[in-house]
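Participant: Contents are TSV, C-alpha atoms; file name protein_16.tsv:
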```tsv
chain	number	residue	atom	x	y	z
A	1	MET	CA	-0.76	-24.63	15.56
A	2	GLN	CA	-0.71	-24.61	11.77
A	3	THR	CA	-0.33	-21.83	9.23
A	4	ILE	CA	-2.32	-20.42	6.34
A	5	GLN	CA	-1.27	-17.96	3.66
A	6	ALA	CA	-2.48	-14.41	4.16
A	7	GLN	CA	-4.34	-14.10	0.86
A	8	THR	CA	-6.08	-17.46	1.33
A	9	LEU	CA	-7.21	-16.42	4.79
A	10	THR	CA	-8.35	-13.01	3.56
A	11	ASN	CA	-10.42	-14.54	0.77
A	12	TYR	CA	-12.07	-16.99	3.16
A	13	VAL	CA	-12.97	-14.39	5.80
A	14	GLN	CA	-14.32	-12.08	3.11
A	15	LYS	CA	-16.58	-14.85	1.82
A	16	LEU	CA	-17.86	-15.47	5.35
A	17	PHE	CA	-18.97	-11.87	5.72
A	18	VAL	CA	-20.54	-11.80	2.25
A	19	ALA	CA	-22.45	-14.97	3.13
A	20	ALA	CA	-23.61	-13.24	6.34
A	21	GLY	CA	-25.11	-10.42	4.26
A	22	ALA	CA	-22.31	-7.87	3.92
A	23	PRO	CA	-21.69	-6.09	0.60
A	24	ALA	CA	-18.47	-7.24	-1.07
A	25	THR	CA	-16.75	-3.91	-0.48
A	26	HIS	CA	-17.48	-3.96	3.27
A	27	ALA	CA	-16.49	-7.61	3.56
A	28	GLU	CA	-13.22	-6.92	1.76
A	29	ARG	CA	-12.40	-3.97	4.03
A	30	VAL	CA	-13.02	-5.99	7.19
A	31	ALA	CA	-11.21	-9.11	5.98
A	32	ASN	CA	-8.16	-7.12	4.92
A	33	SER	CA	-8.10	-5.33	8.25
A	34	LEU	CA	-8.36	-8.50	10.33
A	35	VAL	CA	-5.68	-10.34	8.38
A	36	SER	CA	-3.38	-7.30	8.45
A	37	ALA	CA	-3.59	-7.48	12.25
A	38	ASN	CA	-2.54	-11.13	12.12
A	39	LEU	CA	0.31	-10.25	9.79
A	40	ALA	CA	1.48	-7.60	12.26
A	41	GLY	CA	1.48	-10.19	15.04
A	42	HIS	CA	-1.58	-8.75	16.78
A	43	ASP	CA	-3.66	-11.92	16.63
A	44	SER	CA	-5.87	-10.38	19.31
A	45	HIS	CA	-7.33	-8.11	16.62
A	46	GLY	CA	-7.11	-10.58	13.75
A	47	VAL	CA	-9.37	-13.31	12.41
A	48	ILE	CA	-10.10	-14.45	15.95
A	49	ARG	CA	-12.66	-11.61	15.83
A	50	THR	CA	-14.50	-13.05	12.82
A	51	VAL	CA	-16.97	-15.14	14.79
A	52	GLN	CA	-17.55	-12.22	17.18
A	53	TYR	CA	-18.57	-10.01	14.26
A	54	LEU	CA	-20.76	-12.73	12.77
A	55	ASN	CA	-22.50	-13.12	16.12
A	56	ASN	CA	-22.95	-9.34	16.32
A	57	ILE	CA	-24.71	-9.49	12.94
A	58	LYS	CA	-27.00	-12.28	14.14
A	59	ASP	CA	-27.82	-10.37	17.33
A	60	GLY	CA	-28.61	-7.18	15.41
A	61	MET	CA	-25.84	-5.26	17.15
A	62	LEU	CA	-24.04	-4.78	13.83
A	63	ASP	CA	-25.62	-3.94	10.49
A	64	PRO	CA	-23.41	-5.38	7.71
A	65	HIS	CA	-25.05	-3.14	5.08
A	66	ALA	CA	-24.71	0.11	7.01
A	67	THR	CA	-22.46	2.94	5.89
A	68	PRO	CA	-21.34	5.74	8.21
A	69	ALA	CA	-22.62	9.27	7.70
A	70	ILE	CA	-21.64	12.80	8.68
A	71	VAL	CA	-24.20	14.21	11.12
A	72	ARG	CA	-22.53	17.49	12.13
A	73	GLU	CA	-19.71	19.72	10.90
A	74	THR	CA	-18.29	22.86	12.50
A	75	GLY	CA	-15.14	23.91	10.64
A	76	VAL	CA	-12.30	21.56	11.59
A	77	VAL	CA	-14.59	19.22	13.57
A	78	THR	CA	-16.70	16.51	11.93
A	79	MET	CA	-19.03	14.12	13.71
A	80	VAL	CA	-19.71	10.73	12.12
A	81	ASP	CA	-22.49	8.33	13.04
A	82	GLY	CA	-21.28	4.80	12.34
A	83	ARG	CA	-24.93	3.68	12.15
A	84	ARG	CA	-23.93	0.28	13.62
A	85	SER	CA	-21.68	-0.43	10.65
A	86	PHE	CA	-18.54	-2.54	10.71
A	87	GLY	CA	-16.02	-0.59	12.76
A	88	GLN	CA	-13.38	-0.96	10.06
A	89	VAL	CA	-15.69	0.65	7.51
A	90	ALA	CA	-16.56	3.50	9.86
A	91	ALA	CA	-13.00	4.13	11.06
A	92	HIS	CA	-11.62	4.24	7.51
A	93	TYR	CA	-14.30	6.76	6.57
A	94	ALA	CA	-13.75	8.92	9.66
A	95	ILE	CA	-9.95	9.16	9.55
A	96	ASN	CA	-9.99	10.07	5.86
A	97	ILE	CA	-12.29	13.01	6.56
A	98	ALA	CA	-9.78	14.29	9.11
A	99	ILE	CA	-6.89	13.77	6.66
A	100	GLU	CA	-8.61	15.74	3.92
A	101	LYS	CA	-9.65	18.58	6.22
A	102	ALA	CA	-6.15	18.81	7.72
A	103	LYS	CA	-4.83	19.63	4.24
A	104	THR	CA	-6.88	22.83	4.43
A	105	TYR	CA	-7.02	23.67	8.12
A	106	GLY	CA	-3.71	22.28	9.41
A	107	THR	CA	-5.42	20.27	12.13
A	108	ALA	CA	-8.74	18.44	11.91
A	109	THR	CA	-10.70	16.16	14.20
A	110	THR	CA	-13.37	13.57	13.48
A	111	GLY	CA	-15.51	12.05	16.19
A	112	LEU	CA	-16.98	8.61	15.52
A	113	PHE	CA	-19.82	7.05	17.51
A	114	ASN	CA	-22.33	4.20	17.15
A	115	SER	CA	-19.69	2.06	15.47
A	116	GLY	CA	-18.80	-1.60	15.68
A	117	HIS	CA	-15.38	-2.76	16.89
A	118	VAL	CA	-12.84	-0.78	14.83
A	119	GLY	CA	-10.10	-3.41	15.07
A	120	ARG	CA	-6.46	-2.34	15.39
A	121	LEU	CA	-6.49	1.40	16.03
A	122	GLY	CA	-2.96	1.81	14.70
A	123	GLU	CA	-4.11	0.77	11.23
A	124	TRP	CA	-6.22	3.91	10.90
A	125	VAL	CA	-3.80	6.52	12.22
A	126	THR	CA	-1.15	5.05	9.90
A	127	LEU	CA	-3.24	6.34	6.99
A	128	ALA	CA	-2.45	9.87	8.20
A	129	ALA	CA	1.27	9.07	8.38
A	130	ASP	CA	1.08	7.69	4.84
A	131	ALA	CA	-0.17	11.16	3.85
A	132	GLN	CA	2.85	12.76	5.59
A	133	MET	CA	0.77	13.87	8.56
A	134	ILE	CA	0.55	12.86	12.20
A	135	GLY	CA	-2.52	10.85	13.18
A	136	VAL	CA	-3.77	10.33	16.72
A	137	GLY	CA	-6.64	8.09	17.81
A	138	TYR	CA	-8.41	7.98	21.16
A	139	CYS	CA	-10.74	5.00	21.43
A	140	ASN	CA	-13.07	3.65	24.08
A	141	GLY	CA	-15.92	1.23	24.38
A	142	GLY	CA	-16.31	-2.49	24.16
A	143	SER	CA	-19.32	-3.84	25.99
A	144	ARG	CA	-21.60	-2.63	28.76
A	145	GLY	CA	-19.97	-2.70	32.19
A	146	GLY	CA	-16.43	-2.83	30.84
A	147	LEU	CA	-13.62	-5.32	31.38
A	148	VAL	CA	-10.96	-3.30	33.21
A	149	ALA	CA	-10.81	-2.47	36.90
A	150	PRO	CA	-9.66	1.02	37.89
A	151	HIS	CA	-6.37	1.09	39.80
A	152	GLY	CA	-6.96	-0.24	43.29
A	153	GLY	CA	-10.42	-1.59	42.43
A	154	ARG	CA	-11.82	-5.08	42.01
A	155	ALA	CA	-14.78	-4.52	39.71
A	156	ARG	CA	-15.15	-3.85	35.98
A	157	ARG	CA	-15.49	-0.20	35.09
A	158	LEU	CA	-13.50	0.64	31.91
A	159	GLY	CA	-12.99	-0.73	28.43
A	160	THR	CA	-9.51	-1.63	27.22
A	161	ASN	CA	-9.59	1.87	25.67
A	162	PRO	CA	-6.60	2.00	23.28
A	163	LEU	CA	-4.51	5.00	22.28
A	164	ALA	CA	-2.64	5.24	18.97
A	165	CYS	CA	-0.38	7.67	17.13
A	166	ALA	CA	1.42	7.38	13.78
A	167	ILE	CA	4.31	9.64	12.79
A	168	PRO	CA	5.80	9.73	9.28
A	169	ARG	CA	9.51	9.24	8.59
A	170	ALA	CA	11.62	10.43	5.67
A	171	ASP	CA	12.47	7.14	3.95
A	172	ALA	CA	11.15	4.46	6.27
A	173	ALA	CA	7.92	3.03	7.58
A	174	PRO	CA	6.18	5.33	10.06
A	175	ILE	CA	6.56	5.14	13.80
A	176	VAL	CA	3.31	3.60	15.07
A	177	ILE	CA	2.41	3.75	18.74
A	178	ASP	CA	-0.65	1.63	19.53
A	179	PHE	CA	-1.53	0.12	22.88
A	180	ALA	CA	-4.43	-0.73	25.15
A	181	THR	CA	-4.62	1.18	28.40
A	182	SER	CA	-5.25	-2.14	30.13
A	183	VAL	CA	-2.13	-4.16	30.91
A	184	VAL	CA	-3.03	-6.39	27.97
A	185	ALA	CA	-5.71	-6.24	25.28
A	186	GLU	CA	-8.75	-8.46	25.85
A	187	GLY	CA	-8.08	-10.16	22.55
A	188	LYS	CA	-4.69	-11.37	23.78
A	189	VAL	CA	-6.46	-13.09	26.66
A	190	ARG	CA	-8.79	-14.64	24.07
A	191	VAL	CA	-5.77	-15.85	22.08
A	192	ALA	CA	-4.30	-17.44	25.22
A	193	ARG	CA	-7.63	-19.11	26.03
A	194	ASN	CA	-8.03	-20.51	22.52
A	195	GLY	CA	-4.42	-21.70	22.56
A	196	GLY	CA	-4.81	-23.38	25.96
A	197	LYS	CA	-2.05	-21.25	27.51
A	198	PRO	CA	-1.86	-19.51	30.89
A	199	LEU	CA	-1.43	-15.76	31.17
A	200	ALA	CA	1.59	-14.06	32.66
A	201	PRO	CA	1.00	-12.92	36.25
A	202	ASP	CA	-0.55	-9.53	37.02
A	203	ARG	CA	-2.75	-9.42	33.94
A	204	ILE	CA	-6.19	-10.28	35.30
A	205	LEU	CA	-8.19	-10.74	38.48
A	206	ASP	CA	-10.88	-13.39	38.88
A	207	VAL	CA	-14.52	-12.68	39.76
A	208	ASN	CA	-13.56	-12.33	43.43
A	209	GLY	CA	-10.84	-9.82	42.70
A	210	GLU	CA	-8.03	-12.31	43.24
A	211	PRO	CA	-5.00	-12.56	40.91
A	212	SER	CA	-5.27	-15.28	38.26
A	213	VAL	CA	-3.32	-16.64	35.30
A	214	ASP	CA	-6.26	-18.63	33.90
A	215	PRO	CA	-7.64	-16.76	30.85
A	216	ASN	CA	-11.04	-18.39	31.38
A	217	ASP	CA	-11.42	-16.40	34.59
A	218	LEU	CA	-11.75	-13.17	32.61
A	219	TYR	CA	-14.81	-14.55	30.81
A	220	ASN	CA	-16.31	-15.83	34.05
A	221	GLY	CA	-16.75	-12.40	35.58
A	222	GLY	CA	-13.09	-11.49	36.06
A	223	MET	CA	-11.38	-8.26	35.04
A	224	LEU	CA	-8.28	-6.91	33.38
A	225	LEU	CA	-5.85	-4.71	35.27
A	226	PRO	CA	-4.84	-1.27	33.98
A	227	ALA	CA	-1.41	-0.86	32.38
A	228	ALA	CA	1.28	0.64	34.63
A	229	GLU	CA	-1.11	0.72	37.57
A	230	HIS	CA	-2.42	4.29	38.14
A	231	LYS	CA	-0.99	5.55	34.83
A	232	GLY	CA	-2.99	3.11	32.73
A	233	TYR	CA	-6.08	3.85	34.80
A	234	CYS	CA	-5.67	7.58	34.11
A	235	LEU	CA	-5.16	6.99	30.39
A	236	GLY	CA	-8.13	4.62	30.24
A	237	LEU	CA	-10.35	7.22	31.90
A	238	MET	CA	-9.03	9.83	29.47
A	239	MET	CA	-10.08	7.59	26.55
A	240	ASP	CA	-13.58	7.33	28.01
A	241	PHE	CA	-13.92	11.10	28.10
A	242	LEU	CA	-12.32	11.78	24.68
A	243	GLY	CA	-13.39	8.74	22.67
A	244	GLY	CA	-16.65	8.18	24.50
A	245	LEU	CA	-18.23	11.20	26.14
A	246	LEU	CA	-16.93	13.88	23.77
A	247	THR	CA	-18.15	11.96	20.72
A	248	GLY	CA	-21.45	11.08	22.38
A	249	GLY	CA	-20.69	7.38	22.02
A	250	GLY	CA	-20.89	6.84	25.76
A	251	CYS	CA	-18.82	4.54	27.94
A	252	ALA	CA	-19.11	1.20	29.70
A	253	VAL	CA	-20.59	2.47	32.96
A	254	LEU	CA	-23.35	4.64	31.47
A	255	PRO	CA	-26.76	2.91	31.65
A	256	THR	CA	-27.55	3.81	28.03
A	257	PHE	CA	-24.36	2.26	26.63
A	258	GLN	CA	-24.78	-0.85	24.51
A	259	TYR	CA	-21.76	-1.97	22.49
A	260	GLY	CA	-19.05	-0.70	20.16
A	261	ASN	CA	-16.30	1.87	19.94
A	262	GLY	CA	-16.26	5.63	20.18
A	263	VAL	CA	-13.20	7.17	18.52
A	264	LEU	CA	-11.75	10.65	18.31
A	265	PHE	CA	-9.33	10.97	15.39
A	266	THR	CA	-7.10	14.05	15.20
A	267	VAL	CA	-4.78	14.69	12.25
A	268	HIS	CA	-2.00	17.28	12.22
A	269	ASN	CA	-0.65	18.51	8.89
A	270	ILE	CA	3.05	18.97	9.61
A	271	GLU	CA	3.43	21.61	6.90
A	272	ALA	CA	1.06	23.87	8.84
A	273	PHE	CA	3.48	23.89	11.77
A	274	ARG	CA	6.91	23.85	10.10
A	275	PRO	CA	8.50	22.73	6.82
A	276	LEU	CA	7.95	19.01	6.37
A	277	ASN	CA	11.54	18.31	5.30
A	278	GLU	CA	12.86	19.90	8.49
A	279	PHE	CA	10.51	17.88	10.66
A	280	LEU	CA	11.47	14.66	8.89
A	281	ALA	CA	15.18	15.46	9.19
A	282	ASP	CA	14.90	16.06	12.93
A	283	GLY	CA	12.77	12.94	13.21
A	284	GLU	CA	15.51	10.84	11.64
A	285	ILE	CA	18.00	12.10	14.22
A	286	VAL	CA	15.62	11.10	17.00
A	287	ALA	CA	14.89	7.71	15.42
A	288	LYS	CA	18.57	6.98	14.80
A	289	THR	CA	19.44	7.92	18.37
A	290	MET	CA	16.80	5.51	19.68
A	291	VAL	CA	17.91	2.50	17.63
A	292	GLU	CA	21.59	3.15	18.33
A	293	THR	CA	21.02	3.00	22.08
A	294	PRO	CA	23.22	0.25	23.59
A	295	PRO	CA	20.93	-2.71	24.35
A	296	ARG	CA	20.58	-4.27	27.78
A	297	PRO	CA	21.84	-7.82	28.35
A	298	GLY	CA	19.57	-10.30	26.59
A	299	VAL	CA	18.20	-7.70	24.17
A	300	GLU	CA	19.39	-7.89	20.57
A	301	ARG	CA	18.75	-4.25	19.73
A	302	VAL	CA	16.47	-1.32	20.47
A	303	LEU	CA	13.47	-1.09	18.12
A	304	LEU	CA	11.20	1.76	17.17
A	305	PRO	CA	7.45	1.52	17.80
A	306	GLY	CA	5.93	-0.25	14.82
A	307	GLU	CA	9.12	-2.08	13.88
A	308	PRO	CA	8.20	-5.38	15.58
A	309	GLU	CA	4.98	-5.44	13.52
A	310	GLN	CA	6.92	-4.77	10.30
A	311	LEU	CA	9.32	-7.63	11.00
A	312	THR	CA	6.50	-10.00	11.92
A	313	ALA	CA	4.54	-9.11	8.78
A	314	LYS	CA	7.56	-9.83	6.59
A	315	ALA	CA	7.98	-13.26	8.16
A	316	ARG	CA	4.29	-14.16	8.09
A	317	LEU	CA	3.89	-13.11	4.47
A	318	GLN	CA	6.64	-15.56	3.64
A	319	HIS	CA	5.79	-18.45	5.94
A	320	GLY	CA	2.06	-18.02	6.56
A	321	ILE	CA	-0.06	-16.90	9.49
A	322	PRO	CA	-0.22	-19.27	12.48
A	323	ILE	CA	-3.75	-20.10	13.62
A	324	ASP	CA	-4.38	-22.12	16.78
A	325	ASP	CA	-6.67	-25.14	16.52
A	326	ASN	CA	-9.54	-23.65	18.54
A	327	THR	CA	-9.67	-20.46	16.50
A	328	TRP	CA	-9.47	-22.45	13.28
A	329	GLN	CA	-12.27	-24.74	14.40
A	330	GLN	CA	-14.46	-21.69	15.05
A	331	LEU	CA	-13.72	-20.43	11.54
A	332	VAL	CA	-14.48	-23.86	10.09
A	333	GLU	CA	-17.81	-24.04	11.91
A	334	ALA	CA	-18.68	-20.56	10.70
A	335	GLY	CA	-17.95	-21.64	7.12
A	336	GLU	CA	-20.03	-24.77	7.44
A	337	GLY	CA	-22.93	-22.78	8.89
A	338	LEU	CA	-22.77	-20.24	6.07
A	339	GLN	CA	-22.04	-22.84	3.35
A	340	VAL	CA	-18.63	-21.37	2.54
A	341	VAL	CA	-15.93	-23.78	1.38
A	342	VAL	CA	-13.18	-23.98	4.00
A	343	PRO	CA	-9.62	-23.68	2.64
A	344	PRO	CA	-6.93	-26.06	3.93
A	345	ARG	CA	-4.19	-24.97	6.28
A	346	GLN	CA	-0.58	-25.94	5.72
```
How does this structure look as structure tokens?

Facilitator:
Amino acid sequence: MQTIQAQTLTNYVQKLFVAAGAPATHAERVANSLVSANLAGHDSHGVIRTVQYLNNIKDGMLDPHATPAIVRETGVVTMVDGRRSFGQVAAHYAINIAIEKAKTYGTATTGLFNSGHVGRLGEWVTLAADAQMIGVGYCNGGSRGGLVAPHGGRARRLGTNPLACAIPRADAAPIVIDFATSVVAEGKVRVARNGGKPLAPDRILDVNGEPSVDPNDLYNGGMLLPAAEHKGYCLGLMMDFLGGLLTGGGCAVLPTFQYGNGVLFTVHNIEAFRPLNEFLADGEIVAKTMVETPPRPGVERVLLPGEPEQLTAKARLQHGIPIDDNTWQQLVEAGEGLQVVVPPRQ
């Protein structure tokens, strides 16, 4: 495990996508998004995805030139066709439509379909919090057949189907809630596999439906378990209906489904509900009460959602982003194949 500075890594990944045919603006958006996930400590959604996206371009599943487009509008609702574009490009476009409409209507929703992998869902709802609004994202998809077994089952049926919400604070970084409805995101299993590490128990089942801690078993026909047993299963199914069926993007078990994410973004303009300063003041009382909760033995202190990512980003900006040898070798091979000069790690 070695490290590389964030800007160096961003520049390199951007060059890879440009070499693969993406416009500079698209490549920059995707590279920044991937590296920001690494900075936040979510390596599962970071540069480990680079080769996946490059392969999607080769296979024709992703069009690096494509830009999303509005295909239907009915007042507060907007439908966006990603047109097989990079998910980061499509998600940024879609959430900003909802933000702008919420300024007028108080609440606005954008449905996104036919999009590539959108990356870390929390990144996009945070844009609403940055505008002093509340952003919520319901996401489904992945690949045909799914990766997650329903509670009590031993076959793939659902995607990892994340849910995210960002809430602004008065004078601090927003509260960001962002989690897969599976017990762990698929990318975290990928990180463990590339790092040669076993998984914690009760994360996956093998192809026969038996418990396993070997990350390779997931990629040999195994399946992820839902988070919190029946609760994660219910949430995952909810994401399929909201992010998938309502947007028309489909879901893993439909025969017409191919690949990608369907997302429903909803933005609430706080000022439409109550004075913003009052909301923020009450929010600070809630936040302060949470962090002042006496910690359990072995816990340093209670954190707010989003705070671990902020602390990790601060450390990684200073000391560099750790990249395991397998992931780095994949990035090196991609650079060699695309004739992009590979930067050194520390």

Participant: Taking (-4.2, 1.5, 12.2) in the file's coordinates, which residues come within 10 Å, counting all atoms listed in the file, written as a PyMOL selection string?

Facilitator: chain A and resi 33+36-37+88+91-92+95+118-128+135-137+164-166+176-178

Participant: Using C-alpha atoms, can you export the residues from the last selection as a JSON list (two decimals), in the coordinates of the input?

Facilitator:
```
[["chain", "number", "residue", "atom", "x", "y", "z"],
["A", 33, "SER", "CA", -8.10, -5.33, 8.25],
["A", 36, "SER", "CA", -3.38, -7.30, 8.45],
["A", 37, "ALA", "CA", -3.59, -7.48, 12.25],
["A", 88, "GLN", "CA", -13.38, -0.96, 10.06],
["A", 91, "ALA", "CA", -13.00, 4.13, 11.06],
["A", 92, "HIS", "CA", -11.62, 4.24, 7.51],
["A", 95, "ILE", "CA", -9.95, 9.16, 9.55],
["A", 118, "VAL", "CA", -12.84, -0.78, 14.83],
["A", 119, "GLY", "CA", -10.10, -3.41, 15.07],
["A", 120, "ARG", "CA", -6.46, -2.34, 15.39],
["A", 121, "LEU", "CA", -6.49, 1.40, 16.03],
["A", 122, "GLY", "CA", -2.96, 1.81, 14.70],
["A", 123, "GLU", "CA", -4.11, 0.77, 11.23],
["A", 124, "TRP", "CA", -6.22, 3.91, 10.90],
["A", 125, "VAL", "CA", -3.80, 6.52, 12.22],
["A", 126, "THR", "CA", -1.15, 5.05, 9.90],
["A", 127, "LEU", "CA", -3.24, 6.34, 6.99],
["A", 128, "ALA", "CA", -2.45, 9.87, 8.20],
["A", 135, "GLY", "CA", -2.52, 10.85, 13.18],
["A", 136, "VAL", "CA", -3.77, 10.33, 16.72],
["A", 137, "GLY", "CA", -6.64, 8.09, 17.81],
["A", 164, "ALA", "CA", -2.64, 5.24, 18.97],
["A", 165, "CYS", "CA", -0.38, 7.67, 17.13],
["A", 166, "ALA", "CA", 1.42, 7.38, 13.78],
["A", 176, "VAL", "CA", 3.31, 3.60, 15.07],
["A", 177, "ILE", "CA", 2.41, 3.75, 18.74],
["A", 178, "ASP", "CA", -0.65, 1.63, 19.53]]
```

Participant: Using only C-alpha atoms, find the one residue out of A:Gly320, A:Pro297, A:Pro215, A:Gly159 that sits nearest to Leu199 (chain A).

Facilitator: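 Using only C-alpha atoms, Leu199 (chain A) sits closest to A:Pro215.
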
Participant: Quick one: of A:Arg345, A:His268, A:Arg296, A:Arg84, who's nearest to Ala108 (chain A), counting all atoms listed in the file?

Facilitator: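 That would be A:His268, the residue with the smallest distance to Ala108 (chain A).
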
Participant: Write out as a PyMOL selection string each polymer residue whose atoms come within 9 Å of Val184 (chain A), counting all atoms listed in the file; drop sequence neighbours fewer than 5 positions from it.

Facilitator: chain A and resi 160+179+189+203-204+224-227

Participant: For region 284-291 of chain A, work out the shell of residues within 9 Å, counting only C-alpha atoms and skipping chain neighbours fewer than 6 positions away, then give it as a PyMOL selection string.

Facilitator: chain A and resi 169-170+175+301-304

Participant: I'd like the neighbourhood of Gly142 (chain A) as a list of chain:residue names, where a residue qualifies if any of its atoms comes within 10 Å (using all atoms listed in the file), though same-chain residues fewer than 4 positions away should be ignored.

Facilitator: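 Near neighbours after the sequence-gap exclusion: A:Gly116, A:His117, A:Gly146, A:Leu147, A:Leu158, A:Gly159, A:Thr160, A:Asn161, A:Glu186, A:Cys251, A:Ala252, A:Phe257, A:Gln258, A:Tyr259, A:Gly260, A:Asn261, A:Gly262.
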
Participant: Given the choices A:Pro68, A:Gly145, A:Gly106, A:Gly152, which gets closest to Thr256 (chain A) if the distance is worked out from all atoms listed in the file?

Facilitator: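 Closest to Thr256 (chain A) of all the choices is A:Gly145.
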
Participant: Which of these residues is nearest to Arg316 (chain A), using all atoms listed in the file: A:Asn38, A:Gln329, A:Thr67, A:Thr8?

Facilitator: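 Among the listed residues, A:Asn38 lies closest to Arg316 (chain A).
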
Participant: Please supply region 9-28 of chain A, rebuilt with N, CA and C atoms, as an mmCIF file, in the coordinates of the input.

Facilitator:
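Output (selection-v7.cif):
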```
data_model
loop_
_atom_site.group_PDB
_atom_site.id
_atom_site.type_symbol
_atom_site.label_atom_id
_atom_site.label_comp_id
_atom_site.auth_asym_id
_atom_site.auth_seq_id
_atom_site.Cartn_x
_atom_site.Cartn_y
_atom_site.Cartn_z
ATOM 1 N N LEU A 9 -6.415 -16.739 3.603
ATOM 2 C CA LEU A 9 -7.210 -16.420 4.790
ATOM 3 C C LEU A 9 -8.099 -15.214 4.542
ATOM 4 N N THR A 10 -7.563 -14.209 3.874
ATOM 5 C CA THR A 10 -8.350 -13.010 3.560
ATOM 6 C C THR A 10 -9.561 -13.362 2.700
ATOM 7 N N ASN A 11 -9.324 -14.147 1.673
ATOM 8 C CA ASN A 11 -10.420 -14.540 0.770
ATOM 9 C C ASN A 11 -11.515 -15.288 1.526
ATOM 10 N N TYR A 12 -11.101 -16.181 2.418
ATOM 11 C CA TYR A 12 -12.070 -16.990 3.160
ATOM 12 C C TYR A 12 -12.909 -16.115 4.096
ATOM 13 N N VAL A 13 -12.246 -15.240 4.856
ATOM 14 C CA VAL A 13 -12.970 -14.390 5.800
ATOM 15 C C VAL A 13 -13.907 -13.450 5.048
ATOM 16 N N GLN A 14 -13.461 -12.937 3.917
ATOM 17 C CA GLN A 14 -14.320 -12.080 3.110
ATOM 18 C C GLN A 14 -15.576 -12.822 2.670
ATOM 19 N N LYS A 15 -15.426 -14.057 2.248
ATOM 20 C CA LYS A 15 -16.580 -14.850 1.820
ATOM 21 C C LYS A 15 -17.542 -15.102 2.974
ATOM 22 N N LEU A 16 -17.000 -15.278 4.188
ATOM 23 C CA LEU A 16 -17.860 -15.470 5.350
ATOM 24 C C LEU A 16 -18.770 -14.259 5.571
ATOM 25 N N PHE A 17 -18.179 -13.073 5.476
ATOM 26 C CA PHE A 17 -18.970 -11.870 5.720
ATOM 27 C C PHE A 17 -19.976 -11.622 4.590
ATOM 28 N N VAL A 18 -19.601 -11.928 3.370
ATOM 29 C CA VAL A 18 -20.540 -11.800 2.250
ATOM 30 C C VAL A 18 -21.713 -12.755 2.467
ATOM 31 N N ALA A 19 -21.405 -13.983 2.885
ATOM 32 C CA ALA A 19 -22.450 -14.970 3.130
ATOM 33 C C ALA A 19 -23.364 -14.542 4.283
ATOM 34 N N ALA A 20 -22.816 -13.728 5.204
ATOM 35 C CA ALA A 20 -23.610 -13.240 6.340
ATOM 36 C C ALA A 20 -24.408 -11.989 5.980
ATOM 37 N N GLY A 21 -24.289 -11.531 4.717
ATOM 38 C CA GLY A 21 -25.110 -10.420 4.260
ATOM 39 C C GLY A 21 -24.382 -9.125 3.996
ATOM 40 N N ALA A 22 -23.052 -9.113 4.145
ATOM 41 C CA ALA A 22 -22.310 -7.870 3.920
ATOM 42 C C ALA A 22 -22.053 -7.634 2.443
ATOM 43 N N PRO A 23 -22.104 -6.386 1.977
ATOM 44 C CA PRO A 23 -21.690 -6.090 0.600
ATOM 45 C C PRO A 23 -20.214 -6.471 0.419
ATOM 46 N N ALA A 24 -19.831 -6.792 -0.798
ATOM 47 C CA ALA A 24 -18.470 -7.240 -1.070
ATOM 48 C C ALA A 24 -17.426 -6.220 -0.628
ATOM 49 N N THR A 25 -17.723 -4.938 -0.841
ATOM 50 C CA THR A 25 -16.750 -3.910 -0.480
ATOM 51 C C THR A 25 -16.530 -3.842 1.030
ATOM 52 N N HIS A 26 -17.606 -3.951 1.809
ATOM 53 C CA HIS A 26 -17.480 -3.960 3.270
ATOM 54 C C HIS A 26 -16.745 -5.210 3.724
ATOM 55 N N ALA A 27 -17.120 -6.349 3.168
ATOM 56 C CA ALA A 27 -16.490 -7.610 3.560
ATOM 57 C C ALA A 27 -14.987 -7.588 3.252
ATOM 58 N N GLU A 28 -14.634 -7.004 2.127
ATOM 59 C CA GLU A 28 -13.220 -6.920 1.760
ATOM 60 C C GLU A 28 -12.464 -6.026 2.743
#
```
